[in-house]
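> Take a look at data-v7.tsv, TSV, C-alpha atoms:
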```tsv
chain	number	residue	atom	x	y	z
G	1	ASN	CA	27.23	-2.93	9.33
G	2	SER	CA	28.98	-2.53	12.67
G	3	THR	CA	28.69	1.28	12.63
G	4	LEU	CA	24.95	1.10	11.99
G	5	GLN	CA	24.52	-1.60	14.62
G	6	GLN	CA	26.39	0.51	17.20
G	7	GLN	CA	24.16	3.46	16.35
G	8	ILE	CA	21.04	1.30	16.73
G	9	ARG	CA	22.27	0.12	20.12
G	10	SER	CA	22.78	3.72	21.24
G	11	PHE	CA	19.00	4.11	20.93
G	12	LYS	CA	18.15	1.73	23.75
G	13	GLY	CA	15.58	3.54	25.86
G	14	PHE	CA	14.08	5.21	22.80
G	15	HIS	CA	10.29	5.18	22.46
G	16	PRO	CA	8.04	6.47	19.63
G	17	GLY	CA	6.92	9.29	21.90
G	18	ASN	CA	10.47	10.64	21.72
G	19	LEU	CA	9.73	11.65	18.12
G	20	GLY	CA	6.32	13.11	18.83
G	21	SER	CA	4.07	10.09	18.37
G	22	ASN	CA	1.26	10.73	20.80
G	23	LEU	CA	-0.65	7.48	20.26
G	24	ILE	CA	1.42	4.98	22.18
G	25	THR	CA	3.22	6.12	25.29
G	26	ASN	CA	5.48	4.33	27.72
G	27	GLN	CA	2.45	3.82	29.95
G	28	ASP	CA	0.73	1.87	27.15
G	29	GLU	CA	3.34	-0.89	27.15
G	30	THR	CA	0.98	-3.60	28.30
G	31	ASP	CA	1.53	-7.25	27.44
G	32	LEU	CA	-0.61	-6.83	24.32
G	33	TRP	CA	1.47	-3.94	23.01
G	34	ARG	CA	4.76	-5.65	23.87
G	35	THR	CA	3.61	-8.75	22.01
G	36	GLU	CA	2.75	-6.72	18.91
G	37	TRP	CA	6.05	-4.78	19.02
G	38	ASN	CA	7.93	-8.07	19.33
G	39	ILE	CA	6.04	-9.57	16.39
G	40	ALA	CA	6.99	-6.58	14.24
G	41	ALA	CA	10.60	-6.77	15.43
G	42	SER	CA	10.79	-10.51	14.70
G	43	LYS	CA	9.91	-9.79	11.06
G	44	LEU	CA	13.02	-7.61	10.79
G	45	LYS	CA	15.24	-10.06	12.65
G	46	ASN	CA	14.35	-12.72	10.10
G	47	MET	CA	15.47	-10.59	7.14
G	48	ASN	CA	19.11	-11.68	7.30
G	49	ASN	CA	18.11	-15.35	7.10
G	50	LEU	CA	16.56	-14.89	3.66
G	51	SER	CA	18.42	-14.96	0.39
G	52	CYS	CA	16.26	-13.18	-2.17
G	53	PRO	CA	15.49	-9.46	-2.23
G	54	LYS	CA	11.75	-9.99	-2.63
G	55	ALA	CA	11.61	-12.06	0.60
G	56	LYS	CA	13.63	-9.39	2.45
G	57	VAL	CA	11.22	-6.68	1.24
G	58	GLU	CA	8.31	-8.85	2.40
G	59	CYS	CA	9.84	-8.84	5.90
G	60	ILE	CA	9.75	-5.05	5.86
G	61	VAL	CA	6.18	-5.01	4.52
G	62	ASP	CA	5.07	-7.51	7.19
G	63	CYS	CA	6.74	-5.44	9.91
G	64	CYS	CA	5.14	-2.20	8.71
G	65	SER	CA	1.74	-3.87	8.31
G	66	THR	CA	1.97	-5.10	11.89
G	67	LEU	CA	2.88	-1.59	13.06
G	68	THR	CA	0.04	-0.03	11.06
G	69	SER	CA	-2.39	-2.45	12.69
G	70	LEU	CA	-0.97	-1.62	16.13
G	71	LEU	CA	-1.34	2.11	15.47
G	72	GLN	CA	-4.91	1.66	14.25
G	73	LYS	CA	-5.73	-0.17	17.49
G	74	ALA	CA	-4.09	2.63	19.47
G	75	VAL	CA	-6.37	5.20	17.80
G	76	LEU	CA	-9.34	3.35	19.30
G	77	LEU	CA	-8.03	3.56	22.87
G	78	PRO	CA	-10.32	5.68	25.07
G	79	GLU	CA	-7.46	7.99	26.03
G	80	ASN	CA	-6.88	8.80	22.33
G	81	LYS	CA	-10.49	9.73	21.55
G	82	GLY	CA	-10.71	13.38	20.62
G	83	ARG	CA	-6.93	13.78	20.70
G	84	ASN	CA	-5.41	15.65	17.77
G	85	HIS	CA	-3.33	13.01	16.01
G	86	SER	CA	-2.89	11.52	12.56
G	87	GLY	CA	-4.03	8.06	13.54
G	88	GLY	CA	-2.13	5.17	12.07
G	89	GLY	CA	-0.61	7.42	9.41
G	90	THR	CA	2.98	8.15	8.55
G	91	ASP	CA	3.38	10.69	11.37
G	92	ASN	CA	3.14	7.81	13.82
G	93	LEU	CA	4.52	5.05	11.59
G	94	LEU	CA	8.00	6.55	11.27
G	95	PRO	CA	8.72	6.84	15.02
G	96	SER	CA	7.20	3.40	15.54
G	97	LEU	CA	9.43	1.99	12.84
G	98	VAL	CA	12.53	3.59	14.41
G	99	TYR	CA	11.52	1.99	17.72
G	100	THR	CA	10.98	-1.40	16.07
G	101	ILE	CA	14.38	-1.30	14.36
G	102	VAL	CA	15.97	-0.50	17.72
G	103	LEU	CA	14.00	-3.29	19.38
G	104	ALA	CA	14.94	-5.81	16.66
G	105	ASP	CA	18.59	-4.76	16.37
G	106	PRO	CA	18.75	-6.81	13.13
G	107	ASP	CA	22.00	-8.40	12.00
G	108	LYS	CA	23.72	-6.96	8.92
G	109	LEU	CA	21.01	-4.37	8.37
G	110	TYR	CA	23.15	-2.16	6.15
G	111	SER	CA	24.13	-5.11	3.93
G	112	ASN	CA	20.50	-6.18	3.65
G	113	ILE	CA	19.44	-2.68	2.58
G	114	GLU	CA	22.25	-2.55	0.01
G	115	PHE	CA	21.29	-6.01	-1.26
G	116	ILE	CA	17.63	-5.03	-1.66
G	117	SER	CA	18.58	-1.77	-3.37
G	118	ALA	CA	20.91	-3.52	-5.80
G	119	TYR	CA	18.95	-6.65	-6.63
G	120	ALA	CA	15.23	-6.07	-6.10
G	121	ARG	CA	13.33	-5.80	-9.35
G	122	PRO	CA	11.76	-2.34	-9.72
G	123	GLU	CA	8.24	-3.81	-9.82
G	124	GLU	CA	8.89	-5.37	-6.40
G	125	LEU	CA	9.28	-1.88	-4.96
G	126	LEU	CA	6.05	-0.40	-6.28
G	127	SER	CA	2.92	0.41	-4.36
G	128	GLU	CA	2.75	-0.75	-0.73
G	129	ALA	CA	6.16	-2.45	-0.76
G	130	GLY	CA	7.83	0.65	-2.17
G	131	PHE	CA	6.13	2.91	0.34
G	132	TYR	CA	7.13	0.74	3.29
G	133	PHE	CA	10.68	0.31	1.97
G	134	THR	CA	10.97	4.10	1.68
G	135	MET	CA	9.65	4.53	5.24
G	136	PHE	CA	12.12	1.88	6.40
G	137	LEU	CA	15.01	3.70	4.71
G	138	SER	CA	13.85	6.95	6.35
G	139	ALA	CA	13.84	5.30	9.78
G	140	VAL	CA	17.32	3.86	9.24
G	141	SER	CA	18.55	7.22	7.94
G	142	TYR	CA	17.23	8.90	11.08
G	143	ILE	CA	19.08	6.39	13.25
G	144	GLN	CA	22.29	6.94	11.26
G	145	ARG	CA	22.13	10.72	11.41
G	146	VAL	CA	21.38	11.30	15.07
G	147	PRO	CA	24.82	11.50	16.74
G	148	THR	CA	23.79	9.67	19.90
G	149	CYS	CA	20.43	8.89	21.35
G	150	ASP	CA	19.65	11.04	24.36
G	151	THR	CA	15.96	10.35	24.87
G	152	THR	CA	15.66	13.13	27.41
G	153	HIS	CA	16.30	15.81	24.75
G	154	MET	CA	14.43	14.43	21.74
```
What does the file become when written as structure tokens?

Amino acid sequence: NSTLQQQIRSFKGFHPGNLGSNLITNQDETDLWRTEWNIAASKLKNMNNLSCPKAKVECIVDCCSTLTSLLQKAVLLPENKGRNHSGGGTDNLLPSLVYTIVLADPDKLYSNIEFISAYARPEELLSEAGFYFTMFLSAVSYIQRVPTCDTTHM
């Protein structure tokens, strides 16, 4: 837990654009966007307060649904019209999810992932929940595998 949390904290200053997301840039961080990022992050922060794996997975689904909605709104921005991008798809969801995990800095994230993996019923990880859980694991894996976050060279 502490190793993962230290790695998450090394990402302060990270933004989805650092991983190639061209929908939401640092300049787009208006109050509306900040509010939506914080809503998504609050879903992850709440995960440690819950005791059943299904509820923890629902936190991840709620977070990813919020991010998907945010990305779909970003596609509609005038500055994104005609731009070559994948919209609210996975190309933009993964960097946004990395950013949200960094923003949330959730307590005991590793233990929560292990708990979900060990105790969630397989049918709870099908369809949308399974997709978002896999994306979440990919985002956490990225954070774990990058030695240190130097946003100037990403």
> Taking into account all atoms listed in the file, which residue in the set G:Ile101, G:Ala41, G:Met47, G:Leu71 is nearest to Gln144 of chain G?
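Of G:Ile101, G:Ala41, G:Met47, G:Leu71, the one nearest Gln144 of chain G is G:Ile101, counting all atoms listed in the file.
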> Near Ser65 of chain G, counting all atoms listed in the file, which residues have an atom at most 10 Å away, once you skip same-chain residues fewer than 4 positions from it, shown as a ChimeraX atom specification?
/G:40,59-61,69-71,93,128,132
> Select, from G:Phe131, G:Phe115, G:Tyr110, G:Trp33, the residue with the minimum atom-to-atom distance to Ile143 of chain G, counting only C-alpha atoms.
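Smallest separation from Ile143 of chain G among the options: G:Tyr110.
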> One number please: atom CA of Pro122 of chain G to atom CA of Thr3 of chain G, in Å, one decimal.
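Here the two named atoms are 28.3 Å from each other.
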> Nearest to Leu126 of chain G: which of G:Leu67, G:Leu50, G:Val57, G:Ala74 is it, counting all atoms listed in the file?
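Checking each of G:Leu67, G:Leu50, G:Val57, G:Ala74 against Leu126 of chain G, counting all atoms listed in the file, the winner is G:Val57.
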> So which residues touch Ala139 of chain G within 12 Å, counting all atoms listed in the file, skipping near sequence neighbours fewer than 3 positions away, as a list in words?
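Everything that qualifies: Ile8, Pro16, Leu19, Ile60, Cys64, Thr90, Asp91, Asn92, Leu93, Leu94, Pro95, Ser96, Leu97, Val98, Tyr99, Thr100, Ile101, Val102, Tyr132, Phe133, Thr134, Met135, Phe136, Tyr142, Ile143, Gln144, Arg145 and Val146 of chain G.
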> Tell me, in Å to one decimal, how far atom CA of Val140 of chain G is from atom CA of Pro53 of chain G.
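Value for the atom CA of Val140 of chain G-atom CA of Pro53 of chain G distance: 17.7 Å.
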> With distances taken over only C-alpha atoms, which of G:Lys56, G:Lys43, G:Arg9, G:Arg34 is nearest to Ser111 of chain G?
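For Ser111 of chain G, the nearest of the given residues is G:Lys56.
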> Report the distance between atom CA of Asn112 of chain G and atom CA of Gln72 of chain G in Å, rounded to one decimal place.
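Those two atoms sit 28.6 Å apart.
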> Leaving out Ala104 of chain G and any residue of its chain fewer than 5 positions from it, which residues lie within 7 Å of it when counting all atoms listed in the file, given as a list in words?
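Residues meeting the cut-off are Ala41, Ser42, Leu44 and Lys45 of chain G.
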> Go through G:Asn49, G:Ala55, G:Gln5, G:Thr66 one by one, measure the shortest atom-to-atom distance of each to Thr35 of chain G using all atoms listed in the file, and give the residue with the smallest value.
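Result for the nearest residue to Thr35 of chain G: G:Thr66.
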> Between G:Lys54, G:Lys73, G:Gln7, G:Gly13, which one has atoms that come closest to Glu36 of chain G, using all atoms listed in the file?
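The shortest atom-to-atom distance to Glu36 of chain G comes from G:Lys73.
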